[in-house]
$ cat structure25.cif   # mmCIF, C-alpha atoms
data_coords
#
loop_
_atom_site.label_atom_id
_atom_site.label_comp_id
_atom_site.auth_asym_id
_atom_site.auth_seq_id
_atom_site.Cartn_x
_atom_site.Cartn_y
_atom_site.Cartn_z
CA MET A 1005 103.50 91.67 83.05
CA ARG A 1006 105.76 88.95 81.72
CA ASP A 1007 109.05 90.35 83.12
CA LEU A 1008 108.87 91.89 86.59
CA ALA A 1009 112.46 93.15 86.53
CA ALA A 1010 111.83 95.00 83.25
CA SER A 1011 108.61 96.43 84.65
CA ARG A 1012 110.38 97.70 87.76
CA GLU A 1013 112.88 99.46 85.50
CA ASN A 1014 110.11 101.04 83.37
CA TRP A 1015 108.40 102.60 86.38
CA ARG A 1016 111.72 103.65 87.90
CA ARG A 1017 112.53 105.51 84.68
CA ALA A 1018 109.24 107.40 85.09
CA GLY A 1019 110.43 108.58 88.51
CA PHE A 1020 108.72 106.11 90.86
CA SER A 1021 110.45 104.65 93.88
CA ILE A 1022 109.82 100.90 94.24
CA ALA A 1023 110.04 98.79 97.39
CA THR A 1024 113.18 96.64 97.45
CA ASP A 1025 111.50 93.56 98.88
CA GLU A 1026 109.04 91.64 96.71
CA PHE A 1027 105.96 89.71 97.82
CA ASP A 1028 105.60 86.10 96.70
CA GLY A 1029 102.30 84.26 97.17
CA ASP A 1030 99.74 82.17 95.28
CA GLY A 1031 102.18 81.82 92.39
CA ILE A 1032 102.45 85.61 91.95
CA ARG A 1033 105.45 87.91 92.49
CA ILE A 1034 104.58 91.52 93.36
CA ALA A 1035 106.74 94.66 93.45
CA ARG A 1036 105.15 97.64 95.22
CA LEU A 1037 105.17 101.37 94.49
CA ALA A 1038 102.94 104.17 95.71
CA ALA A 1039 100.98 107.22 94.63
CA GLY A 1040 100.39 108.78 98.04
CA ALA A 1041 98.01 106.52 99.97
CA VAL A 1042 97.34 104.32 96.92
CA GLU A 1043 99.52 101.26 96.42
CA ILE A 1044 100.32 100.18 92.85
CA ASP A 1045 101.39 96.55 92.52
CA LEU A 1046 103.51 95.30 89.62
CA CYS A 1047 102.57 91.63 89.24
CA SER A 1048 104.17 88.71 87.43
CA ALA A 1049 103.11 85.06 87.37
CA ARG A 1050 105.72 82.81 89.00
CA SER A 1051 103.82 79.56 88.47
CA ALA A 1052 101.80 78.58 85.41
CA LYS A 1053 99.89 76.10 87.58
CA SER A 1054 98.52 78.55 90.16
CA GLU A 1055 94.71 78.55 90.34
CA SER A 1056 94.51 81.85 92.19
CA PRO A 1057 91.90 84.17 90.57
CA LEU A 1058 94.63 86.80 90.27
CA ALA A 1059 96.95 84.35 88.51
CA ARG A 1060 94.22 83.43 86.03
CA HIS A 1061 93.55 87.08 85.15
CA LEU A 1062 97.27 87.77 84.98
CA ARG A 1063 97.79 84.95 82.47
CA ASP A 1064 94.99 86.42 80.34
CA ALA A 1065 96.58 89.89 80.50
CA THR A 1066 100.07 88.70 79.60
CA GLY A 1067 98.59 86.80 76.67
CA ASN A 1068 97.41 90.00 74.95
CA ASP A 1069 99.41 92.00 72.43
CA SER A 1070 101.16 94.23 74.97
CA GLY A 1071 101.76 91.46 77.48
CA SER A 1072 100.74 93.81 80.29
CA GLY A 1073 98.26 96.44 81.48
CA ILE A 1074 96.09 97.19 84.52
CA ILE A 1075 94.16 94.07 85.48
CA GLY A 1076 92.10 95.53 88.33
CA TRP A 1077 92.00 97.05 91.80
CA VAL A 1078 91.42 96.27 95.44
CA TRP A 1079 89.15 98.44 97.62
CA GLY A 1080 90.05 98.92 101.27
CA VAL A 1081 86.89 98.50 103.37
CA ARG A 1082 86.01 99.09 107.01
CA GLY A 1083 84.63 96.15 108.98
CA VAL A 1084 84.51 92.49 107.95
CA LEU A 1085 84.50 90.77 104.58
CA ILE A 1086 81.31 89.34 103.06
CA SER A 1087 82.47 85.75 103.65
CA GLU A 1088 82.94 86.44 107.36
CA GLU A 1089 79.30 87.54 107.66
CA ARG A 1090 77.96 84.31 106.18
CA GLU A 1091 76.78 81.32 108.12
CA PRO A 1092 79.30 78.44 108.33
CA GLY A 1093 78.75 75.92 105.54
CA SER A 1094 77.13 78.44 103.19
CA ALA A 1095 76.65 76.83 99.79
CA LYS A 1096 78.28 79.54 97.70
CA SER A 1097 82.00 80.05 98.30
CA ILE A 1098 83.76 83.36 97.68
CA GLU A 1099 87.14 83.36 95.95
CA SER A 1100 90.00 85.25 97.55
CA ILE A 1101 93.56 86.28 96.68
CA GLN A 1102 96.66 86.79 98.82
CA LEU A 1103 98.29 90.21 98.64
CA PRO A 1104 101.01 92.08 100.57
CA GLY A 1105 99.71 94.00 103.57
CA LEU A 1106 100.64 97.20 105.38
CA GLU A 1107 99.82 96.17 108.95
CA GLN A 1108 100.82 92.52 108.43
CA PRO A 1109 102.95 90.62 105.88
CA SER A 1110 99.95 89.43 103.84
CA VAL A 1111 96.20 89.96 103.63
CA LYS A 1112 93.27 88.08 102.12
CA ALA A 1113 91.35 90.09 99.53
CA GLU A 1114 87.87 88.91 98.62
CA MET A 1115 86.83 88.85 94.97
CA LEU A 1116 83.86 91.08 94.03
CA THR A 1117 81.75 91.53 90.90
CA SER A 1118 82.97 94.62 89.04
CA GLY A 1119 80.52 94.78 86.14
CA LEU A 1120 83.62 95.40 84.02
CA PRO A 1121 84.80 92.58 81.73
CA GLY A 1122 88.45 91.74 82.29
CA VAL A 1123 88.78 93.85 85.45
CA VAL A 1124 89.62 92.15 88.76
CA THR A 1125 87.83 93.78 91.69
CA ALA A 1126 88.46 92.72 95.27
CA ALA A 1127 88.07 94.06 98.81
CA VAL A 1128 90.30 93.85 101.85
CA PRO A 1129 89.65 95.00 105.44
CA ILE A 1130 91.68 98.06 106.40
CA ASN A 1131 91.97 100.01 109.66
CA LEU A 1132 94.46 102.72 108.62
CA ASP A 1133 93.28 106.20 107.65
CA ILE A 1134 94.52 107.90 104.48
CA GLU A 1135 97.45 109.70 106.15
CA SER A 1136 98.62 106.56 107.95
CA ARG A 1137 98.55 104.63 104.67
CA ARG A 1138 100.48 107.41 102.96
CA GLN A 1139 103.19 107.35 105.62
CA SER A 1140 103.39 103.53 105.66
CA LEU A 1141 103.79 103.36 101.89
CA ALA A 1142 106.38 106.15 101.92
CA ARG A 1143 108.46 104.18 104.44
CA LEU A 1144 108.06 101.01 102.39
CA CYS A 1145 108.64 102.39 98.90
CA GLY A 1146 110.60 105.61 99.38
CA THR A 1147 110.12 109.06 97.82
CA ASN A 1148 109.01 109.40 94.19
CA LEU A 1149 111.48 111.51 92.20
CA ASN A 1150 108.62 112.57 89.92
CA THR A 1151 106.94 114.25 92.95
CA VAL A 1152 103.72 112.19 92.49
CA ASP A 1153 101.52 112.85 95.54
CA TYR A 1154 98.40 110.82 94.73
CA LEU A 1155 96.39 109.00 92.08
CA GLU A 1156 94.03 111.65 90.71
CA HIS A 1157 92.18 109.74 87.98
CA ILE A 1158 91.76 106.28 86.51
CA VAL A 1159 89.97 105.72 83.19
CA VAL A 1160 88.17 102.48 82.34
CA MET A 1161 86.43 101.40 79.12
CA THR A 1162 83.45 99.05 79.32
CA PRO A 1163 80.91 97.62 76.83
CA VAL A 1164 77.85 98.17 79.11
CA LEU A 1165 78.06 101.24 81.34
CA SER A 1166 74.92 100.43 83.35
CA ASP A 1167 76.41 97.11 84.53
CA ALA A 1168 79.49 98.88 85.89
CA ILE A 1169 77.38 101.52 87.67
CA THR A 1170 75.20 98.84 89.29
CA ALA A 1171 78.19 96.78 90.45
CA ASN A 1172 80.00 99.77 91.97
CA GLU A 1173 76.93 101.08 93.76
CA ALA A 1174 76.28 97.59 95.16
CA VAL A 1175 79.58 97.78 97.08
CA GLY A 1176 78.97 101.31 98.32
CA VAL A 1177 80.67 103.37 95.59
CA PRO A 1178 77.91 105.67 94.26
CA CYS A 1179 77.95 107.25 90.82
CA LYS A 1180 78.43 111.01 91.25
CA ARG A 1181 77.70 112.18 87.71
CA ILE A 1182 77.00 110.93 84.17
CA ARG A 1183 78.13 112.93 81.16
CA GLU A 1184 77.21 112.47 77.50
CA VAL A 1185 80.32 112.53 75.30
CA GLY A 1186 78.77 111.98 71.86
CA ASN A 1187 78.32 109.05 69.44
CA GLY A 1188 76.22 107.25 72.06
CA ALA A 1189 79.04 107.10 74.62
CA ARG A 1190 78.72 108.27 78.23
CA GLN A 1191 81.10 108.81 81.14
CA ALA A 1192 80.19 107.83 84.70
CA PHE A 1193 82.21 109.36 87.53
CA PHE A 1194 82.87 107.91 90.99
CA LYS A 1195 85.00 109.36 93.82
CA LEU A 1196 87.15 107.36 96.23
CA GLU A 1197 89.05 109.60 98.65
CA GLN A 1198 91.31 111.67 96.34
CA THR A 1199 90.79 109.54 93.23
CA VAL A 1200 88.18 109.92 90.49
CA LEU A 1201 87.14 106.69 88.78
CA GLU A 1202 85.90 107.45 85.25
CA ILE A 1203 84.11 104.62 83.44
CA VAL A 1204 83.33 105.16 79.74
CA GLY A 1205 80.89 103.06 77.76
CA PRO A 1206 80.20 101.58 75.44
CA ALA A 1207 83.84 100.99 74.53
CA THR A 1208 84.21 101.92 70.88
CA ARG A 1209 87.82 100.99 70.28
CA GLY A 1210 90.28 98.53 71.74
CA ARG A 1211 89.55 95.96 74.40
CA PRO A 1212 87.51 96.83 77.48
CA GLY A 1213 89.35 97.34 80.75
CA CYS A 1214 91.53 99.89 82.52
CA TRP A 1215 93.03 102.34 80.06
CA GLY A 1216 95.16 104.83 81.94
CA LEU A 1217 96.16 106.73 85.08
CA ALA A 1218 96.51 110.44 85.86
CA LEU A 1219 98.88 111.13 88.76
CA MET A 1220 98.97 114.41 90.66
CA CYS A 1221 102.43 115.90 91.21
CA SER A 1222 103.71 118.79 93.29
CA ASP A 1223 106.16 119.69 90.49
CA ILE A 1224 105.10 118.61 86.99
CA ALA A 1225 108.23 120.10 85.42
CA GLN A 1226 110.35 117.76 87.57
CA ALA A 1227 108.16 114.78 86.61
CA VAL A 1228 108.70 115.53 82.91
CA ALA A 1229 112.42 116.19 83.37
CA THR A 1230 112.92 112.95 85.34
CA SER A 1231 111.19 110.88 82.65
CA ARG A 1232 113.21 112.50 79.87
CA ALA A 1233 116.49 112.10 81.77
CA ASN A 1234 115.75 108.36 81.96
CA GLY A 1235 115.10 108.00 78.23
CA LEU A 1236 111.30 108.32 78.13
CA GLN A 1237 109.49 110.73 75.84
CA ALA A 1238 107.21 113.13 77.69
CA THR A 1239 105.13 116.03 76.40
CA GLU A 1240 105.47 119.60 77.57
CA PRO A 1241 103.02 120.53 80.35
CA LYS A 1242 99.90 122.32 79.10
CA VAL A 1243 96.68 123.64 80.63
CA ALA A 1244 94.35 120.78 81.56
CA ILE A 1245 90.64 120.82 80.71
CA GLN A 1246 89.70 120.84 84.40
CA GLY A 1247 92.41 123.34 85.35
CA GLY A 1248 96.02 123.08 86.42
CA GLN A 1249 98.57 121.47 84.10
CA ILE A 1250 98.92 118.10 82.43
CA ALA A 1251 101.70 116.25 80.58
CA ARG A 1252 101.91 112.66 79.48
CA ILE A 1253 104.47 109.96 78.81
CA VAL A 1254 104.21 109.40 75.06
CA ASP A 1255 104.41 105.60 74.98
CA PRO A 1256 102.30 103.55 77.41
CA LEU A 1257 104.15 102.28 80.47
CA ASP A 1258 103.64 98.50 80.61
CA GLY A 1259 100.54 98.99 78.47
CA VAL A 1260 99.21 101.80 80.70
CA ALA A 1261 98.68 105.39 79.50
CA ILE A 1262 100.32 107.70 82.07
CA ALA A 1263 99.60 111.39 82.58
CA PHE A 1264 101.19 113.73 85.13
CA MET A 1265 99.11 116.57 86.55
CA GLN A 1266 99.72 119.59 88.76
CA PRO A 1267 96.98 121.44 90.67
CA GLY A 1268 95.78 124.83 89.55
CA PRO A 1269 92.66 127.02 89.39
CA ARG A 1270 89.62 124.91 88.42
CA ARG A 1271 87.87 125.58 85.12
CA ASP A 1272 84.16 125.15 84.46
CA ASP A 1273 83.00 122.19 82.27
#

$ encode --input "structure25.cif" --output "structure tokens"
Amino acid sequence: MRDLAASRENWRRAGFSIATDEFDGDGIRIARLAAGAVEIDLCSARSAKSESPLARHLRDATGNDSGSGIIGWVWGVRGVLISEEREPGSAKSIESIQLPGLEQPSVKAEMLTSGLPGVVTAAVPINLDIESRRQSLARLCGTNLNTVDYLEHIVVMTPVLSDAITANEAVGVPCKRIREVGNGARQAFFKLEQTVLEIVGPATRGRPGCWGLALMCSDIAQAVATSRANGLQATEPKVAIQGGQIARIVDPLDGVAIAFMQPGPRRDD
């Protein structure tokens, strides 16, 4: 986003607690918030001259109509990075980006091929299990007033679905299911810990890339009330297609569609 302070305020109004300290590296400023064990980074370019891959993608994102949006994700992986397995002096170099860490002040994330135009995908070594990450992020960021416990769902639009499936499976994220949705479009579903990654293609409207997030709450009524108390429009909770309840913030938050969910009995497709 163009204005990190304004972005911090937007997410605070939606009930998220944001870490006080900001990370500054590779010409990028980052403010951190959490959905359980998943870290969400609010990023702003500090230097127009930075050649970091993240800075380049960020400049592209802030040049669009909304000036913001989700530009990608970073997988936590066990073991070593691809570059560390290569022989010294290997001809092909692998780009990397500097990001804030949990076990140390900063970490090197290695760029990967996502198969999704406009989506940054990277990997970083991680040794913490899901509960340790949750606790570390809670200490760092604080408690979310909207009662968000974890990231339940992320939706991505892509022009060529098969490319995205191939790229994800190449890094060990298998496609769990493909569903026909009509008019030639299909949905591919992937599962990463508690989060479902839904990739839809071909994209029929708007630009390809990450479209929105669904966040699981322990109290959806509180999530809606918190957003409304801070001047955001939010819909009344209703029964979700898959079961439980769902409500959404009416206007996108920094270009991101946001839905709140609460668990409930599962419904059949």

$ atom_distance --input "structure25.cif" --atom1 "atom CA of A:Asn1187" --atom2 "atom CA of A:Ala1207"
11.0 Å

$ closest_atom_pairs --input "structure25.cif" --of "stretch 1140-1203 of chain A" --to "stretch 1123-1130 of chain A" --cutoff "12 Å" --atoms "only C-alpha atoms" --output "Markdown table"
| residue | atom | partner | partner_atom | distance |
| --- | --- | --- | --- | --- |
| A:Val1160 | CA | A:Val1123 | CA | 9.2 |
| A:Met1161 | CA | A:Val1123 | CA | 10.1 |
| A:Thr1162 | CA | A:Val1123 | CA | 9.6 |
| A:Ala1168 | CA | A:Val1123 | CA | 10.6 |
| A:Ala1171 | CA | A:Thr1125 | CA | 10.2 |
| A:Asn1172 | CA | A:Thr1125 | CA | 9.9 |
| A:Val1175 | CA | A:Ala1127 | CA | 9.4 |
| A:Gly1176 | CA | A:Ala1127 | CA | 11.6 |
| A:Ile1203 | CA | A:Val1123 | CA | 11.9 |

$ closest_residue --input "structure25.cif" --among "A:Leu1058, A:Asp1258, A:Arg1183, A:Gln1246" --to "A:Leu1008" --atoms "only C-alpha atoms"
A:Asp1258

$ closest_residue --input "structure25.cif" --among "A:Asn1131, A:Asn1234, A:Ser1110, A:Gln1139" --to "A:Gly1080" --atoms "all atoms listed in the file"
A:Asn1131

$ atom_distance --input "structure25.cif" --atom1 "atom CA of A:Ile1253" --atom2 "atom CA of A:Lys1180"
28.9 Å

$ atom_distance --input "structure25.cif" --atom1 "atom CA of A:Ile1034" --atom2 "atom CA of A:Leu1046"
5.4 Å

$ resolve_selection --input "structure25.cif" --expression "the PyMOL selection byres ((chain A and resi 1044) around 10)" --output "VMD selection string"
chain A and resid 1022 1034 to 1039 1041 to 1043 1045 to 1047 1074 1077 1155

$ resolve_selection --input "structure25.cif" --expression "the PyMOL selection byres ((chain A and resi 1196) around 10)" --output "NGL selection string"
:A and (1079 or 1156-1157 or 1177-1178 or 1194-1195 or 1197-1201)

$ write_last_selection --input "structure25.cif" --atoms "C-alpha atoms" --output "PDB file, in the frame of the given file"
ATOM      1  CA  TRP A1079      89.150  98.440  97.620  1.00  0.00           C
ATOM      2  CA  GLU A1156      94.030 111.650  90.710  1.00  0.00           C
ATOM      3  CA  HIS A1157      92.180 109.740  87.980  1.00  0.00           C
ATOM      4  CA  VAL A1177      80.670 103.370  95.590  1.00  0.00           C
ATOM      5  CA  PRO A1178      77.910 105.670  94.260  1.00  0.00           C
ATOM      6  CA  PHE A1194      82.870 107.910  90.990  1.00  0.00           C
ATOM      7  CA  LYS A1195      85.000 109.360  93.820  1.00  0.00           C
ATOM      8  CA  GLU A1197      89.050 109.600  98.650  1.00  0.00           C
ATOM      9  CA  GLN A1198      91.310 111.670  96.340  1.00  0.00           C
ATOM     10  CA  THR A1199      90.790 109.540  93.230  1.00  0.00           C
ATOM     11  CA  VAL A1200      88.180 109.920  90.490  1.00  0.00           C
ATOM     12  CA  LEU A1201      87.140 106.690  88.780  1.00  0.00           C
TER      13      LEU A1201
END

$ closest_residue --input "structure25.cif" --among "A:Ala1192, A:Ala1009, A:Ala1049, A:Ile1101" --to "A:Pro1206" --atoms "all atoms listed in the file"
A:Ala1192

$ build_atoms --input "structure25.cif" --residues "stretch 1150-1161 of chain A" --atoms "all heavy atoms" --output "PDB file, keeping the file's coordinate frame"
ATOM      1  N   ASN A1150     109.517 111.804  90.782  1.00  0.00           N
ATOM      2  CA  ASN A1150     108.620 112.570  89.920  1.00  0.00           C
ATOM      3  C   ASN A1150     107.657 113.450  90.710  1.00  0.00           C
ATOM      4  O   ASN A1150     106.797 114.114  90.122  1.00  0.00           O
ATOM      5  CB  ASN A1150     107.839 111.645  88.986  1.00  0.00           C
ATOM      6  CG  ASN A1150     107.093 110.551  89.735  1.00  0.00           C
ATOM      7  OD1 ASN A1150     106.776 110.689  90.910  1.00  0.00           O
ATOM      8  ND2 ASN A1150     106.820 109.453  89.052  1.00  0.00           N
ATOM      9  N   THR A1151     107.745 113.460  92.012  1.00  0.00           N
ATOM     10  CA  THR A1151     106.940 114.250  92.950  1.00  0.00           C
ATOM     11  C   THR A1151     105.458 113.856  92.936  1.00  0.00           C
ATOM     12  O   THR A1151     104.600 114.633  93.373  1.00  0.00           O
ATOM     13  CB  THR A1151     107.063 115.780  92.720  1.00  0.00           C
ATOM     14  OG1 THR A1151     106.327 116.173  91.560  1.00  0.00           O
ATOM     15  CG2 THR A1151     108.524 116.207  92.606  1.00  0.00           C
ATOM     16  N   VAL A1152     105.120 112.644  92.468  1.00  0.00           N
ATOM     17  CA  VAL A1152     103.720 112.190  92.490  1.00  0.00           C
ATOM     18  C   VAL A1152     103.231 112.104  93.929  1.00  0.00           C
ATOM     19  O   VAL A1152     103.829 111.449  94.769  1.00  0.00           O
ATOM     20  CB  VAL A1152     103.577 110.820  91.781  1.00  0.00           C
ATOM     21  CG1 VAL A1152     102.257 110.150  92.147  1.00  0.00           C
ATOM     22  CG2 VAL A1152     103.653 111.000  90.269  1.00  0.00           C
ATOM     23  N   ASP A1153     102.108 112.791  94.197  1.00  0.00           N
ATOM     24  CA  ASP A1153     101.520 112.850  95.540  1.00  0.00           C
ATOM     25  C   ASP A1153     100.347 111.893  95.698  1.00  0.00           C
ATOM     26  O   ASP A1153     100.126 111.360  96.780  1.00  0.00           O
ATOM     27  CB  ASP A1153     101.027 114.262  95.850  1.00  0.00           C
ATOM     28  CG  ASP A1153     102.161 115.226  96.148  1.00  0.00           C
ATOM     29  OD1 ASP A1153     103.200 114.769  96.662  1.00  0.00           O
ATOM     30  OD2 ASP A1153     102.012 116.425  95.861  1.00  0.00           O
ATOM     31  N   TYR A1154      99.546 111.716  94.635  1.00  0.00           N
ATOM     32  CA  TYR A1154      98.400 110.820  94.730  1.00  0.00           C
ATOM     33  C   TYR A1154      97.870 110.468  93.345  1.00  0.00           C
ATOM     34  O   TYR A1154      98.226 111.113  92.342  1.00  0.00           O
ATOM     35  CB  TYR A1154      97.281 111.405  95.602  1.00  0.00           C
ATOM     36  CG  TYR A1154      96.641 112.695  95.124  1.00  0.00           C
ATOM     37  CD1 TYR A1154      95.507 112.684  94.309  1.00  0.00           C
ATOM     38  CD2 TYR A1154      97.137 113.930  95.530  1.00  0.00           C
ATOM     39  CE1 TYR A1154      94.903 113.860  93.902  1.00  0.00           C
ATOM     40  CE2 TYR A1154      96.538 115.109  95.125  1.00  0.00           C
ATOM     41  CZ  TYR A1154      95.420 115.081  94.312  1.00  0.00           C
ATOM     42  OH  TYR A1154      94.826 116.250  93.905  1.00  0.00           O
ATOM     43  N   LEU A1155      97.062 109.424  93.305  1.00  0.00           N
ATOM     44  CA  LEU A1155      96.390 109.000  92.080  1.00  0.00           C
ATOM     45  C   LEU A1155      95.149 109.864  91.913  1.00  0.00           C
ATOM     46  O   LEU A1155      94.203 109.769  92.700  1.00  0.00           O
ATOM     47  CB  LEU A1155      96.025 107.517  92.150  1.00  0.00           C
ATOM     48  CG  LEU A1155      95.215 106.949  90.987  1.00  0.00           C
ATOM     49  CD1 LEU A1155      95.948 107.081  89.668  1.00  0.00           C
ATOM     50  CD2 LEU A1155      94.857 105.496  91.251  1.00  0.00           C
ATOM     51  N   GLU A1156      95.134 110.712  90.886  1.00  0.00           N
ATOM     52  CA  GLU A1156      94.030 111.650  90.710  1.00  0.00           C
ATOM     53  C   GLU A1156      92.881 111.041  89.910  1.00  0.00           C
ATOM     54  O   GLU A1156      91.721 111.329  90.170  1.00  0.00           O
ATOM     55  CB  GLU A1156      94.552 112.904  89.996  1.00  0.00           C
ATOM     56  CG  GLU A1156      93.644 114.118  90.093  1.00  0.00           C
ATOM     57  CD  GLU A1156      92.517 114.143  89.078  1.00  0.00           C
ATOM     58  OE1 GLU A1156      92.622 113.444  88.037  1.00  0.00           O
ATOM     59  OE2 GLU A1156      91.516 114.855  89.300  1.00  0.00           O
ATOM     60  N   HIS A1157      93.191 110.161  88.954  1.00  0.00           N
ATOM     61  CA  HIS A1157      92.180 109.740  87.980  1.00  0.00           C
ATOM     62  C   HIS A1157      92.545 108.384  87.409  1.00  0.00           C
ATOM     63  O   HIS A1157      93.717 108.118  87.138  1.00  0.00           O
ATOM     64  CB  HIS A1157      92.169 110.772  86.835  1.00  0.00           C
ATOM     65  CG  HIS A1157      90.843 110.974  86.181  1.00  0.00           C
ATOM     66  ND1 HIS A1157      90.026 112.033  86.475  1.00  0.00           N
ATOM     67  CD2 HIS A1157      90.188 110.254  85.244  1.00  0.00           C
ATOM     68  CE1 HIS A1157      88.930 111.969  85.732  1.00  0.00           C
ATOM     69  NE2 HIS A1157      89.002 110.896  84.974  1.00  0.00           N
ATOM     70  N   ILE A1158      91.568 107.521  87.248  1.00  0.00           N
ATOM     71  CA  ILE A1158      91.760 106.280  86.510  1.00  0.00           C
ATOM     72  C   ILE A1158      90.619 106.166  85.513  1.00  0.00           C
ATOM     73  O   ILE A1158      89.466 106.443  85.834  1.00  0.00           O
ATOM     74  CB  ILE A1158      91.814 105.055  87.455  1.00  0.00           C
ATOM     75  CG1 ILE A1158      92.012 103.767  86.657  1.00  0.00           C
ATOM     76  CG2 ILE A1158      90.585 104.952  88.343  1.00  0.00           C
ATOM     77  CD1 ILE A1158      92.387 102.567  87.508  1.00  0.00           C
ATOM     78  N   VAL A1159      90.951 105.799  84.275  1.00  0.00           N
ATOM     79  CA  VAL A1159      89.970 105.720  83.190  1.00  0.00           C
ATOM     80  C   VAL A1159      89.785 104.266  82.782  1.00  0.00           C
ATOM     81  O   VAL A1159      90.754 103.529  82.577  1.00  0.00           O
ATOM     82  CB  VAL A1159      90.429 106.544  81.962  1.00  0.00           C
ATOM     83  CG1 VAL A1159      89.385 106.456  80.848  1.00  0.00           C
ATOM     84  CG2 VAL A1159      90.668 107.998  82.349  1.00  0.00           C
ATOM     85  N   VAL A1160      88.518 103.863  82.671  1.00  0.00           N
ATOM     86  CA  VAL A1160      88.170 102.480  82.340  1.00  0.00           C
ATOM     87  C   VAL A1160      87.174 102.484  81.190  1.00  0.00           C
ATOM     88  O   VAL A1160      86.249 103.305  81.152  1.00  0.00           O
ATOM     89  CB  VAL A1160      87.536 101.763  83.558  1.00  0.00           C
ATOM     90  CG1 VAL A1160      87.222 100.309  83.231  1.00  0.00           C
ATOM     91  CG2 VAL A1160      88.462 101.840  84.766  1.00  0.00           C
ATOM     92  N   MET A1161      87.364 101.579  80.235  1.00  0.00           N
ATOM     93  CA  MET A1161      86.430 101.400  79.120  1.00  0.00           C
ATOM     94  C   MET A1161      85.617 100.140  79.341  1.00  0.00           C
ATOM     95  O   MET A1161      86.159  99.105  79.737  1.00  0.00           O
ATOM     96  CB  MET A1161      87.202 101.289  77.795  1.00  0.00           C
ATOM     97  CG  MET A1161      88.245 102.370  77.567  1.00  0.00           C
ATOM     98  SD  MET A1161      87.567 104.017  77.381  1.00  0.00           S
ATOM     99  CE  MET A1161      86.794 103.871  75.770  1.00  0.00           C
TER     100      MET A1161
END
